[in-house]
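Trainee: Below are the structure tokens for one structure; questions will follow.
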Amino acid sequence: MDLVEDVRPAPPLIPPAPKVHARPLGGSALGELRVAWEMGRNLVGTYCEDDFDSLVTPYVFMGQPGLVVSDPAAARQILTSLNYLRPVKARRPLRPLVGEGVLLSEGETWRRQRKSLAPVFTPAATGGLLPHFVAAGAGLTETLDGGSHANLAQAFHHATLDAVLRALFSRRADTEGALLAELVRRYMEGPAHFKLFDFMAKGADDLTFADGDRRRLGARWLAAVDALIAERRAQPHADVLDMLDRLLAARDEAGAPLADQEIRDQCGSMLAAGFETTSRLLFWAAYLLALDPAAQARVRAEVHAFPAERVTSLDDLKAWPLLRAVLFETPRLYPAAPMIARQAQGADAVLGHEVVPGCMVTISPWLIHRHRKLWDAPTAFRPERFLDQPHPWGVEAFLPFGAGPRVCIGAGFALAEAQIILASLLDRFQLTMAGDRPVLPKASITLGPDHEPDFRLSPIVQARP
């Protein structure tokens, strides 16, 4: 009897995720305290089964009415409307680091800043920063070379911080930018995380006795950036080498240079938005590829055919279509910003539900990206779903960079940085997990791992084409 080889495709990878509760956790005073406590521990740890089937869910939390909106069209309308602004207390964790920069500003201030910053983030401007990203990727592989195991969560933190400091200030994180690197790393790994008092506070200046660590580190960071701006003004570069050069050359609507304080706050916004989120994106992408060796091998084939050190323009990144798809599927499953909050300024209605002034509206990319009515196999890792999407952020149910006018201005910057750093790593090493313990996502200011696992690194010996 002839034996027939079983050629059925392997089942898709279903990566780890927090428990989905059978029923909502709230509904009583004690339940609300439990929700606040659980959200202080993990912003994506309180969802129930109904949340992944419902497109809009009304709720009341500590006397304040709210809506969870998962309908993509309604979510985009809310994020576009001037009637819905970021809650004041949501600014608490990052304000000491970013001041009044574009990350936290609102209304006319935000519109003016966004317009002034537009030239800093054009494709041409991002293309000019590619050498910084290539250097950071090379620095990462050099650091890991010779080791059999690595904590890639920390390695990516260092590499992305190095990339952003190079791009912002032409400073390396391990030498002349060491103080800046240390300050922002300490802030983002500690004070930047939401605390129970942040949920209890009514405004940005309530319960500030709990914010001493934020104020102290933030003040040191702002002073360090002030000194760097003063140094650059005294000794300007002959050519445009980094984003600080572009900020110093930027003009407001009246044609006047940006004030030093605004430049400083924009630097803080860029660093906070570009370092932490890109680091998390790279960690989760590496974790998913370590769990899916077949997908990793296909991505590596792309990188071997066109190594990262050959990248000189944004067009060169088109040589890695599957790698790019992985970097979209990753934030679908593990969005760096898993929750977006807005507060209604005036009365409205959303999908038939009344919205009163002060109503809190929660838009959760975590929910939308895993919603059973919006995605095929929503919990599966399937990067191929993005291969035929020239602009995946145009997919209605995909919100990794926000939506509307406030869509992340640095999305192109972050994607170019992530592609080059991940390509540099995969070109040199095969990734597997050193242990069997699942890594669960834990959300605070960003979506990080509940523990930092060791990855096993196997050197790749590959003849160049």
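By convention in this document, the chains of the structure tokens carry letters A, B, ... by their order, each chain's residues are numbered from 1, and ligands are numbered from 1 in the order they are shown.
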Neighbours of segment 234-243 of chain A within 9 Å (only C-alpha atoms; same-chain residues fewer than 4 positions away dropped), as a list in words?
Mentor: Val120, Phe121, Ala125, Gly128, Leu129, His132, Arg166, Ala167, Leu168, Phe169, Ser170, Ile229, Ala230, Leu247, Leu248 and Cys267 of chain A
Trainee: Identify all residues of segment 118-274 of chain A in alpha helix (DSSP H) (DSSP on the backbone) and supply them as a VMD selection string.
Mentor: chain A and resid 123 to 127 130 to 144 152 to 169 178 to 189 196 to 200 212 to 234 243 to 249 260 to 274
Trainee: What are the nearest atom pairs, with distances in Å to one decimal, for all residues of segment 328-422 of chain A that come at most 12 Å from segment 268-277 of chain A, using only C-alpha atoms, set out by chain and rising residue number as a tab-separated table?
Mentor:
```
residue	atom	partner	partner_atom	distance
A:Pro331	CA	A:Thr277	CA	10.0
A:Tyr334	CA	A:Thr277	CA	10.9
A:Pro335	CA	A:Thr277	CA	8.9
A:Ala336	CA	A:Thr277	CA	5.5
A:Ala337	CA	A:Thr277	CA	7.7
A:Pro338	CA	A:Thr277	CA	11.0
A:Pro400	CA	A:Thr277	CA	10.4
A:Phe401	CA	A:Thr277	CA	10.4
A:Cys408	CA	A:Ala273	CA	8.9
A:Ile409	CA	A:Met270	CA	9.6
A:Gly410	CA	A:Gly274	CA	7.4
A:Ala411	CA	A:Gly274	CA	8.8
A:Gly412	CA	A:Gly274	CA	10.7
A:Phe413	CA	A:Gly274	CA	8.2
A:Ala414	CA	A:Gly274	CA	6.3
A:Leu415	CA	A:Gly274	CA	10.0
A:Ala416	CA	A:Gly274	CA	11.4
A:Glu417	CA	A:Gly274	CA	9.3
A:Ala418	CA	A:Thr277	CA	10.1
```
Trainee: Find the nearest atom pair between each residue of segment 242-334 of chain A and segment 211-228 of chain A for residues within 9 Å, count only C-alpha atoms, give distances in Å to one decimal, sort rows by chain and ascending number, and present the table as a tab-separated table.
Mentor:
```
residue	atom	partner	partner_atom	distance
A:Asp260	CA	A:Asp226	CA	7.5
A:Gln261	CA	A:Asp226	CA	7.8
A:Ile263	CA	A:Asp226	CA	9.0
A:Arg264	CA	A:Val225	CA	6.1
A:Asp265	CA	A:Leu222	CA	8.0
A:Cys267	CA	A:Val225	CA	8.0
A:Gly268	CA	A:Leu222	CA	8.0
```
Trainee: For Ala397 of chain A, please output as a short mmCIF file (atom, residue, chain, number, x, y, z; two decimals) with N, CA and C atoms, in the first residue's frame all residues within 12 Å (counting only C-alpha atoms; exclusion window: fewer than 6 positions along the same chain).
Mentor:
```cif
data_model
loop_
_atom_site.label_atom_id
_atom_site.label_comp_id
_atom_site.auth_asym_id
_atom_site.auth_seq_id
_atom_site.Cartn_x
_atom_site.Cartn_y
_atom_site.Cartn_z
N LEU A 55 -20.38 46.18 18.95
CA LEU A 55 -19.75 47.31 18.29
C LEU A 55 -19.85 48.59 19.11
N VAL A 69 -16.56 52.07 22.03
CA VAL A 69 -16.95 52.09 20.62
C VAL A 69 -15.96 51.25 19.82
N SER A 70 -16.45 50.18 19.21
CA SER A 70 -15.62 49.31 18.38
C SER A 70 -16.03 49.32 16.92
N ASP A 71 -17.07 50.04 16.58
CA ASP A 71 -17.45 50.19 15.18
C ASP A 71 -16.41 51.07 14.49
N PRO A 72 -15.71 50.59 13.47
CA PRO A 72 -14.60 51.35 12.89
C PRO A 72 -15.00 52.72 12.36
N ALA A 73 -16.15 52.80 11.67
CA ALA A 73 -16.57 54.08 11.11
C ALA A 73 -16.88 55.07 12.23
N ALA A 74 -17.58 54.61 13.26
CA ALA A 74 -17.90 55.49 14.38
C ALA A 74 -16.63 55.91 15.12
N ALA A 75 -15.70 54.97 15.28
CA ALA A 75 -14.44 55.29 15.97
C ALA A 75 -13.68 56.37 15.20
N ARG A 76 -13.61 56.22 13.88
CA ARG A 76 -12.90 57.22 13.08
C ARG A 76 -13.60 58.58 13.12
N ARG A 332 -1.55 44.75 14.86
CA ARG A 332 -2.95 44.33 14.87
C ARG A 332 -3.20 43.46 16.09
N ILE A 363 -12.04 54.01 22.74
CA ILE A 363 -11.80 53.32 21.48
C ILE A 363 -10.57 52.45 21.69
N SER A 364 -10.75 51.15 21.63
CA SER A 364 -9.67 50.23 21.94
C SER A 364 -9.19 49.50 20.69
N PRO A 365 -8.02 49.88 20.14
CA PRO A 365 -7.46 49.09 19.05
C PRO A 365 -7.32 47.62 19.42
N TRP A 366 -7.07 47.32 20.69
CA TRP A 366 -6.99 45.91 21.11
C TRP A 366 -8.29 45.19 20.79
N LEU A 367 -9.42 45.81 21.12
CA LEU A 367 -10.72 45.20 20.83
C LEU A 367 -11.01 45.18 19.34
N ILE A 368 -10.82 46.31 18.68
CA ILE A 368 -11.18 46.43 17.27
C ILE A 368 -10.35 45.46 16.43
N HIS A 369 -9.06 45.33 16.75
CA HIS A 369 -8.19 44.47 15.97
C HIS A 369 -8.46 42.98 16.18
N ARG A 370 -9.16 42.63 17.26
CA ARG A 370 -9.48 41.23 17.56
C ARG A 370 -10.99 40.98 17.50
N HIS A 371 -11.73 41.93 16.96
CA HIS A 371 -13.19 41.83 16.97
C HIS A 371 -13.66 40.74 16.00
N ARG A 372 -14.59 39.94 16.48
CA ARG A 372 -15.03 38.78 15.71
C ARG A 372 -15.88 39.15 14.50
N LYS A 373 -16.45 40.35 14.50
CA LYS A 373 -17.26 40.78 13.37
C LYS A 373 -16.45 41.56 12.33
N LEU A 374 -15.18 41.83 12.64
CA LEU A 374 -14.40 42.71 11.77
C LEU A 374 -13.23 42.01 11.08
N TRP A 375 -12.80 40.85 11.59
CA TRP A 375 -11.61 40.21 11.05
C TRP A 375 -11.85 38.71 10.88
N ASP A 376 -11.24 38.15 9.86
CA ASP A 376 -11.19 36.70 9.70
C ASP A 376 -10.07 36.16 10.58
N PRO A 378 -9.44 36.42 13.88
CA PRO A 378 -8.89 37.62 14.51
C PRO A 378 -7.77 37.38 15.51
N ALA A 403 -6.31 57.70 13.93
CA ALA A 403 -7.07 57.99 12.72
C ALA A 403 -7.40 59.47 12.67
#
```
Trainee: With distances taken over only C-alpha atoms, which residue among A:Ala17, A:Leu314, A:Ala349, A:Ile421 lies nearest Thr122 of chain A?
Mentor: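 The shortest atom-to-atom distance to Thr122 of chain A comes from A:Leu314.
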Trainee: Applying 8 Å and only C-alpha atoms, which residues near Thr46 of chain A remain after dropping the ones on its own chain fewer than 4 positions away? List them as an NGL selection string.
Mentor: :A and (20-21 or 24-25 or 35 or 38-39 or 42)
Trainee: Compile a residue-level contact table for segment 33-87 of chain A against segment 445-460 of chain A at a cut-off of 12 Å, reporting for every qualifying residue the shortest atom pair and its distance in Å to one decimal, with only C-alpha atoms counted, rows ordered by chain and ascending number, as JSON lines.
Mentor:
```
{"residue": "A:Met39", "atom": "CA", "partner": "A:Ile445", "partner_atom": "CA", "distance": 11.5}
{"residue": "A:Gly40", "atom": "CA", "partner": "A:Ile445", "partner_atom": "CA", "distance": 10.6}
{"residue": "A:Arg41", "atom": "CA", "partner": "A:Asp450", "partner_atom": "CA", "distance": 10.2}
{"residue": "A:Asn42", "atom": "CA", "partner": "A:Leu447", "partner_atom": "CA", "distance": 8.9}
{"residue": "A:Leu43", "atom": "CA", "partner": "A:Leu447", "partner_atom": "CA", "distance": 8.7}
{"residue": "A:Val44", "atom": "CA", "partner": "A:Leu447", "partner_atom": "CA", "distance": 8.8}
{"residue": "A:Gly45", "atom": "CA", "partner": "A:Leu447", "partner_atom": "CA", "distance": 11.4}
```
Trainee: Skip Ala173 of chain A itself and residues of its chain fewer than 4 positions away, then list as a ChimeraX atom specification all residues within 10 Å of it, counting only C-alpha atoms.
Mentor: /A:136,158-166,177-182
Trainee: Neighbours of Val355 of chain A within 12 Å (only C-alpha atoms; same-chain residues fewer than 6 positions away dropped), as a ChimeraX atom specification?
Mentor: /A:58-59,64-69,78,83-84,342-349,361
Trainee: Output N, CA and C atoms for every residue in that selection, as a compact mmCIF listing (two decimals), in the first residue's frame.
Mentor:
```
# COMPACT_ATOMS: atom_id res chain seq x y z
N PRO A 58 -22.50 50.79 26.18
CA PRO A 58 -22.58 51.88 27.18
C PRO A 58 -22.19 51.37 28.56
N TYR A 59 -21.69 52.26 29.40
CA TYR A 59 -21.33 51.87 30.76
C TYR A 59 -21.37 53.12 31.65
N GLN A 64 -19.67 58.31 36.15
CA GLN A 64 -19.47 58.99 34.88
C GLN A 64 -19.92 58.09 33.73
N PRO A 65 -20.80 58.59 32.86
CA PRO A 65 -21.25 57.76 31.74
C PRO A 65 -20.16 57.60 30.70
N GLY A 66 -20.20 56.48 30.00
CA GLY A 66 -19.20 56.23 28.98
C GLY A 66 -19.69 55.27 27.92
N LEU A 67 -18.94 55.21 26.82
CA LEU A 67 -19.21 54.27 25.74
C LEU A 67 -17.91 53.61 25.34
N VAL A 68 -17.96 52.31 25.09
CA VAL A 68 -16.87 51.62 24.40
C VAL A 68 -17.31 51.47 22.95
N VAL A 69 -16.56 52.07 22.03
CA VAL A 69 -16.95 52.09 20.62
C VAL A 69 -15.96 51.25 19.82
N ILE A 78 -15.32 59.77 15.64
CA ILE A 78 -15.02 60.36 16.95
C ILE A 78 -13.61 60.92 16.98
N ASN A 83 -15.52 67.60 18.70
CA ASN A 83 -16.36 67.46 19.90
C ASN A 83 -15.75 66.52 20.92
N TYR A 84 -14.74 65.74 20.50
CA TYR A 84 -14.15 64.74 21.40
C TYR A 84 -12.66 65.03 21.58
N ARG A 342 -11.39 59.50 24.73
CA ARG A 342 -11.84 60.83 24.35
C ARG A 342 -13.02 61.22 25.24
N GLN A 343 -13.16 62.52 25.48
CA GLN A 343 -14.25 63.02 26.31
C GLN A 343 -15.10 63.98 25.50
N ALA A 344 -16.42 63.75 25.51
CA ALA A 344 -17.34 64.57 24.74
C ALA A 344 -17.44 65.97 25.34
N GLN A 345 -17.33 66.97 24.48
CA GLN A 345 -17.49 68.35 24.92
C GLN A 345 -18.95 68.80 24.85
N GLY A 346 -19.69 68.23 23.92
CA GLY A 346 -21.11 68.56 23.77
C GLY A 346 -21.93 67.33 23.51
N ALA A 347 -23.24 67.50 23.46
CA ALA A 347 -24.15 66.37 23.26
C ALA A 347 -23.99 65.80 21.86
N ASP A 348 -24.22 64.49 21.73
CA ASP A 348 -24.08 63.82 20.45
C ASP A 348 -24.80 62.49 20.56
N ALA A 349 -24.78 61.73 19.48
CA ALA A 349 -25.31 60.36 19.49
C ALA A 349 -24.36 59.49 18.68
N VAL A 361 -15.50 58.32 26.04
CA VAL A 361 -15.60 57.38 24.94
C VAL A 361 -14.27 56.64 24.83
```
Trainee: Tell me, as a PyMOL selection string, which residues lie within 12 Å of Leu104 of chain A, counting only C-alpha atoms; anything in the same chain fewer than 4 positions away does not count.
Mentor: chain A and resi 85-100+109-111+113-114+204+265-266+268-270+272-273+406
